[in-house]
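**Q** File follows, query-v3.csv with CSV, C-alpha atoms:
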```csv
chain,number,residue,atom,x,y,z
A,1110,ASN,CA,169.6,92.8,133.6
A,1111,ALA,CA,169.5,94.5,137.0
A,1112,GLY,CA,165.7,93.8,137.4
A,1113,VAL,CA,164.0,96.2,139.8
A,1114,THR,CA,166.4,98.6,141.6
A,1115,GLN,CA,165.3,100.6,144.7
A,1116,THR,CA,167.3,103.5,146.3
A,1117,PRO,CA,168.1,104.2,149.0
A,1118,LYS,CA,168.2,100.9,150.9
A,1119,PHE,CA,167.9,102.6,154.3
A,1120,GLN,CA,166.7,106.1,155.3
A,1121,VAL,CA,165.9,107.8,158.6
A,1122,LEU,CA,163.7,110.9,158.5
A,1123,LYS,CA,162.3,113.3,161.0
A,1124,THR,CA,158.6,113.9,161.3
A,1125,GLY,CA,157.5,116.4,158.7
A,1126,GLN,CA,160.3,115.9,156.3
A,1127,SER,CA,159.7,114.9,152.7
A,1128,MET,CA,161.6,112.5,150.5
A,1129,THR,CA,161.4,110.5,147.4
A,1130,LEU,CA,162.0,106.7,147.2
A,1131,GLN,CA,163.4,105.8,143.8
A,1132,CYS,CA,162.4,102.7,141.7
A,1133,ALA,CA,163.8,101.7,138.3
A,1134,GLN,CA,163.3,98.6,136.2
A,1135,ASP,CA,165.1,97.6,133.1
A,1136,MET,CA,162.7,94.8,131.9
A,1137,ASN,CA,160.4,97.1,129.9
A,1138,HIS,CA,157.5,96.2,132.1
A,1139,GLU,CA,154.3,98.2,131.8
A,1140,TYR,CA,153.0,97.6,135.2
A,1141,MET,CA,154.6,99.0,138.3
A,1142,SER,CA,153.5,99.1,142.0
A,1143,TRP,CA,154.5,100.3,145.4
A,1144,TYR,CA,153.8,98.2,148.5
A,1145,ARG,CA,154.6,98.7,152.2
A,1146,GLN,CA,155.3,95.7,154.4
A,1147,ASP,CA,154.5,95.9,158.1
A,1148,PRO,CA,154.6,93.0,160.6
A,1149,GLY,CA,151.4,91.1,160.8
A,1150,MET,CA,149.9,93.0,157.8
A,1151,GLY,CA,151.6,91.5,154.8
A,1152,LEU,CA,152.1,93.6,151.7
A,1153,ARG,CA,149.7,96.5,151.1
A,1154,LEU,CA,149.4,98.3,147.8
A,1155,ILE,CA,150.0,102.0,148.0
A,1156,HIS,CA,149.9,103.2,144.4
A,1157,TYR,CA,150.3,101.5,141.0
A,1158,SER,CA,150.8,102.4,137.4
A,1159,VAL,CA,149.7,100.6,134.2
A,1160,GLY,CA,151.9,102.6,132.0
A,1161,ALA,CA,153.8,105.9,131.5
A,1162,GLY,CA,151.5,108.8,132.5
A,1163,ILE,CA,148.9,106.6,134.2
A,1164,THR,CA,148.7,106.0,138.0
A,1165,ASP,CA,146.1,105.0,140.4
A,1166,GLN,CA,145.6,104.6,144.2
A,1167,GLY,CA,145.9,101.3,146.0
A,1168,GLU,CA,144.8,100.3,149.4
A,1169,VAL,CA,146.8,102.8,151.5
A,1170,PRO,CA,147.5,105.8,149.4
A,1171,ASN,CA,147.2,108.6,152.0
A,1172,GLY,CA,150.4,110.6,152.5
A,1173,TYR,CA,152.1,109.3,149.3
A,1174,ASN,CA,152.3,110.6,145.8
A,1175,VAL,CA,153.5,109.0,142.6
A,1176,SER,CA,154.2,109.9,139.0
A,1177,ARG,CA,155.3,107.8,136.0
A,1178,SER,CA,156.9,109.9,133.3
A,1179,THR,CA,158.9,107.0,131.8
A,1180,THR,CA,158.4,103.2,131.5
A,1181,GLU,CA,161.5,102.6,133.6
A,1182,ASP,CA,160.9,104.9,136.6
A,1183,PHE,CA,158.2,105.0,139.3
A,1184,PRO,CA,159.2,107.2,142.2
A,1185,LEU,CA,157.2,107.3,145.5
A,1186,ARG,CA,157.1,110.6,147.3
A,1187,LEU,CA,156.3,111.1,151.0
A,1188,LEU,CA,154.9,114.6,151.3
A,1189,SER,CA,155.2,115.1,155.1
A,1190,ALA,CA,156.7,112.0,156.9
A,1191,ALA,CA,154.8,110.7,159.9
A,1192,PRO,CA,155.9,107.9,162.3
A,1193,SER,CA,153.1,105.7,161.0
A,1194,GLN,CA,154.9,105.6,157.7
A,1195,THR,CA,157.8,103.7,159.3
A,1196,SER,CA,157.9,100.6,157.2
A,1197,VAL,CA,159.7,98.6,154.5
A,1198,TYR,CA,158.7,99.8,151.0
A,1199,PHE,CA,158.9,97.5,148.0
A,1200,CYS,CA,158.6,98.4,144.4
A,1201,ALA,CA,157.4,95.8,141.9
A,1202,SER,CA,157.0,95.5,138.2
A,1203,SER,CA,155.3,93.0,135.9
A,1204,PRO,CA,154.7,92.7,132.1
A,1205,SER,CA,151.3,93.3,130.6
A,1206,ARG,CA,151.3,90.5,128.1
A,1207,GLY,CA,150.0,87.1,128.9
A,1208,TRP,CA,147.7,85.7,131.5
A,1209,ASN,CA,148.7,86.9,135.0
A,1210,GLN,CA,152.4,87.6,135.0
A,1211,PRO,CA,154.3,87.4,138.3
A,1212,GLN,CA,155.5,90.5,140.0
A,1213,HIS,CA,159.3,91.2,140.2
A,1214,PHE,CA,160.2,93.0,143.4
A,1215,GLY,CA,163.1,95.1,144.4
A,1216,ASP,CA,165.0,94.6,147.6
A,1217,GLY,CA,163.2,97.3,149.4
A,1218,THR,CA,163.8,100.6,151.2
A,1219,ARG,CA,163.8,100.5,155.0
A,1220,LEU,CA,162.4,103.8,156.2
A,1221,SER,CA,162.3,105.0,159.8
A,1222,ILE,CA,160.4,108.2,160.8
A,1223,LEU,CA,161.5,109.7,164.1
B,362,GLN,CA,138.7,93.3,155.6
B,363,GLN,CA,141.3,90.8,154.9
B,364,GLN,CA,140.5,89.1,151.6
B,365,VAL,CA,143.2,86.5,151.8
B,366,LYS,CA,143.6,84.9,155.2
B,367,GLN,CA,146.9,83.0,155.8
B,368,SER,CA,147.9,80.8,158.7
B,369,PRO,CA,150.0,80.1,160.7
B,370,GLN,CA,151.9,83.3,161.1
B,371,SER,CA,155.0,81.4,162.2
B,372,LEU,CA,156.0,77.8,161.8
B,373,ILE,CA,159.0,75.7,163.1
B,374,VAL,CA,159.7,72.4,161.3
B,375,GLN,CA,162.4,69.9,161.7
B,376,LYS,CA,164.7,69.3,158.8
B,377,GLY,CA,163.2,66.6,156.6
B,378,GLY,CA,159.7,67.3,157.7
B,379,ILE,CA,156.7,68.7,155.8
B,380,SER,CA,155.9,72.4,156.1
B,381,ILE,CA,152.2,73.3,155.5
B,382,ILE,CA,150.9,76.8,155.1
B,383,ASN,CA,147.2,77.5,154.5
B,384,CYS,CA,145.3,80.3,152.8
B,385,ALA,CA,141.6,81.1,152.3
B,386,TYR,CA,140.1,83.7,150.1
B,387,GLU,CA,136.7,85.3,149.8
B,388,ASN,CA,136.5,86.9,146.4
B,389,THR,CA,135.3,84.4,143.8
B,390,ALA,CA,136.6,86.6,141.0
B,391,PHE,CA,140.2,85.6,142.0
B,392,ASP,CA,141.6,83.2,139.5
B,393,TYR,CA,145.4,83.4,140.0
B,394,PHE,CA,147.0,82.2,143.2
B,395,PRO,CA,150.8,82.7,143.5
B,396,TRP,CA,153.1,82.0,146.4
B,397,TYR,CA,156.0,84.3,147.1
B,398,GLN,CA,159.2,83.5,149.1
B,399,GLN,CA,161.1,86.2,150.9
B,400,PHE,CA,164.5,85.9,152.5
B,401,PRO,CA,165.6,88.5,155.1
B,402,GLY,CA,166.7,91.8,153.5
B,403,LYS,CA,165.3,90.8,150.1
B,404,GLY,CA,162.1,91.4,148.2
B,405,PRO,CA,159.6,88.6,147.7
B,406,ALA,CA,160.1,86.4,144.7
B,407,LEU,CA,157.6,84.1,142.9
B,408,LEU,CA,157.9,80.5,144.1
B,409,ILE,CA,155.0,78.8,142.5
B,410,ALA,CA,151.5,79.7,141.2
B,411,ILE,CA,148.3,77.9,140.4
B,412,ARG,CA,145.1,78.5,138.5
B,413,PRO,CA,141.7,77.4,139.9
B,414,ASP,CA,141.1,74.9,137.1
B,415,VAL,CA,143.9,72.7,138.6
B,416,SER,CA,143.7,71.0,142.0
B,417,GLU,CA,147.4,70.5,142.5
B,418,LYS,CA,150.7,71.8,141.1
B,419,LYS,CA,154.1,70.5,142.0
B,420,GLU,CA,157.5,72.0,141.4
B,421,GLY,CA,160.3,70.0,143.0
B,422,ARG,CA,159.7,69.9,146.8
B,423,PHE,CA,157.0,72.6,146.6
B,424,THR,CA,153.3,71.7,146.0
B,425,ILE,CA,150.2,73.9,145.9
B,426,SER,CA,146.9,72.2,146.7
B,427,PHE,CA,143.8,74.0,145.6
B,428,ASN,CA,140.2,73.5,146.7
B,429,LYS,CA,137.9,75.7,144.7
B,430,SER,CA,134.7,74.8,146.4
B,431,ALA,CA,136.1,75.6,149.9
B,432,LYS,CA,138.0,78.6,148.5
B,433,GLN,CA,141.2,77.4,150.1
B,434,PHE,CA,144.7,76.7,148.9
B,435,SER,CA,147.8,75.5,150.6
B,436,LEU,CA,151.6,75.3,150.2
B,437,HIS,CA,153.4,72.0,151.1
B,438,ILE,CA,157.1,71.9,151.4
B,439,MET,CA,158.3,68.4,151.4
B,440,ASP,CA,161.7,67.4,152.9
B,441,SER,CA,162.0,70.8,154.4
B,442,GLN,CA,165.6,72.2,154.5
B,443,PRO,CA,167.2,74.9,156.6
B,444,GLY,CA,167.6,76.9,153.3
B,445,ASP,CA,163.8,77.0,153.1
B,446,SER,CA,163.7,79.2,156.2
B,447,ALA,CA,162.0,82.4,154.9
B,448,THR,CA,158.7,84.2,154.9
B,449,TYR,CA,156.1,82.9,152.6
B,450,PHE,CA,153.2,84.9,151.2
B,451,CYS,CA,150.1,83.5,149.5
B,452,ALA,CA,148.4,85.9,147.2
B,453,ALA,CA,145.4,86.1,144.8
B,454,SER,CA,144.3,88.3,141.9
B,455,GLY,CA,141.8,88.4,139.1
B,456,SER,CA,142.7,88.2,135.4
B,457,GLY,CA,142.6,90.5,132.5
B,458,GLY,CA,144.7,93.7,132.2
B,459,TYR,CA,146.2,95.0,135.4
B,460,GLN,CA,144.9,93.2,138.5
B,461,LYS,CA,145.6,94.2,142.0
B,462,VAL,CA,147.3,91.5,143.9
B,463,THR,CA,146.0,90.8,147.4
B,464,PHE,CA,148.6,89.3,149.8
B,465,GLY,CA,148.2,87.2,152.9
B,466,ILE,CA,150.0,88.4,156.1
B,467,GLY,CA,152.9,86.0,155.6
B,468,THR,CA,154.2,82.9,157.4
B,469,LYS,CA,157.7,83.0,158.9
B,470,LEU,CA,159.1,79.4,158.4
B,471,GLN,CA,162.1,78.2,160.4
B,472,VAL,CA,163.5,74.8,159.5
B,473,ILE,CA,165.7,73.6,162.3
B,474,PRO,CA,168.5,70.9,161.8
```
Go through the file and emit its structure as structure tokens.
**A**
Amino acid sequence: NAGVTQTPKFQVLKTGQSMTLQCAQDMNHEYMSWYRQDPGMGLRLIHYSVGAGITDQGEVPNGYNVSRSTTEDFPLRLLSAAPSQTSVYFCASSPSRGWNQPQHFGDGTRLSIL
Amino acid sequence: QQQVKQSPQSLIVQKGGISIINCAYENTAFDYFPWYQQFPGKGPALLIAIRPDVSEKKEGRFTISFNKSAKQFSLHIMDSQPGDSATYFCAASGSGGYQKVTFGIGTKLQVIP
């Protein structure tokens, strides 16, 4: 099993450009989430999904869109990149069964907005 | 408002020493408290977790101590090794269905030989 795979690993964008960060998991997990990691701020939830076709906003959703058409994939779209979106982005997945399952994280996408 | 407060932000410990990271939470609905370990260039990975009906949980050199009345929990790394150098995040969530996980700001641990 590959676990959670994120692509690309690095990306540089210009202000105003759009792009999609890809996330795929092969563990048949129902729950998937996107976080951004910034120095001194920990991990902050952007959007999450509890299953195919169901998404909801997290703590910092502005400027980002998500969709979940399949169980495996959960792409994050930046609509019009801004320097404030320079960050490391992590996708995570977890199973729905059982009492509080741990999250499995990908290795992140390092995004710089110029 | 930071719901999970973590300290210190950075920590330097001598090899063989004890590393201690503290966290405090405010939301009494939290009932799952995991710790994640993150190495440079990698995503966080679950290290150890505790439920509030237990005051301590130990896995190898890693121990979580939990004080429900004070709403505090801490990670102790005994006999710290250079390979333990990483960023550690405490976290908290509720139970039942999907529960958003609230993370602390992280502690960068450096274990020096």
**Q** Please list as a ChimeraX atom specification every residue within 9 Å of Val415 (chain B), counting all atoms listed in the file and excluding residues in the same chain fewer than 5 positions away.
**A** /B:426-428
**Q** Between A:Ala1191, A:Arg1177, A:Gly1172, A:Leu1154, which residue has the minimum interatomic distance to Lys461 (chain B), considering only C-alpha atoms?
**A** A:Leu1154
**Q** Hey, list the chain B side of the contact with chain A: 6 Å cut-off, all atoms listed in the file, answer as a list of chain:residue names.
**A**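 Applying the cut-off to the listed atoms yields B:Lys403, B:Gly404, B:Phe464, B:Gly465, B:Ile466, B:Gly467.
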**Q** What does the structure give for the distance between CA of Val1175 (chain A) and CA of Arg1145 (chain A), in Å to one decimal?
**A** 14.1 Å
**Q** What lies within 7 Å of His437 (chain B) using only C-alpha atoms, ignoring chain neighbours under 3 positions off, as a list in words?
**A**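 Neighbouring residues, sequence-local ones excluded: Ile379, Ser380, Ile381, Ile382, Phe423, Thr424 and Ile425 of chain B.
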**Q** Please identify all polymer residues within 7 Å of Gly1112 (chain A), counting only C-alpha atoms, omitting same-chain residues fewer than 4 positions from it, and present them as a list of chain:residue names.
**A**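 So the residues in contact are A:Gln1134, A:Asp1135, A:Met1136.
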**Q** Take the residues from that selection and put them in a file with C-alpha atoms, as a compact mmCIF listing (two decimals), in the coordinates of the input.
**A**
```txt
# COMPACT_ATOMS: atom_id res chain seq x y z
CA GLN A 1134 163.30 98.60 136.20
CA ASP A 1135 165.10 97.60 133.10
CA MET A 1136 162.70 94.80 131.90
```
**Q** Quick one: everything within 12 Å of Tyr1173 (chain A), counting all atoms listed in the file, minus sequence neighbours fewer than 2 positions away in the same chain. Send it as a PyMOL selection string.
**A** chain A and resi 1127-1130+1143-1145+1154-1157+1165-1171+1175-1176+1184-1191+1194+1198
**Q** Rank nothing, just name the residue among B:Gln399, B:Gln367, B:Ser435, B:Gln375 nearest to Ala447 (chain B), using only C-alpha atoms.
**A**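 When distances to Ala447 (chain B) are compared using only C-alpha atoms, the smallest one comes from B:Gln399.
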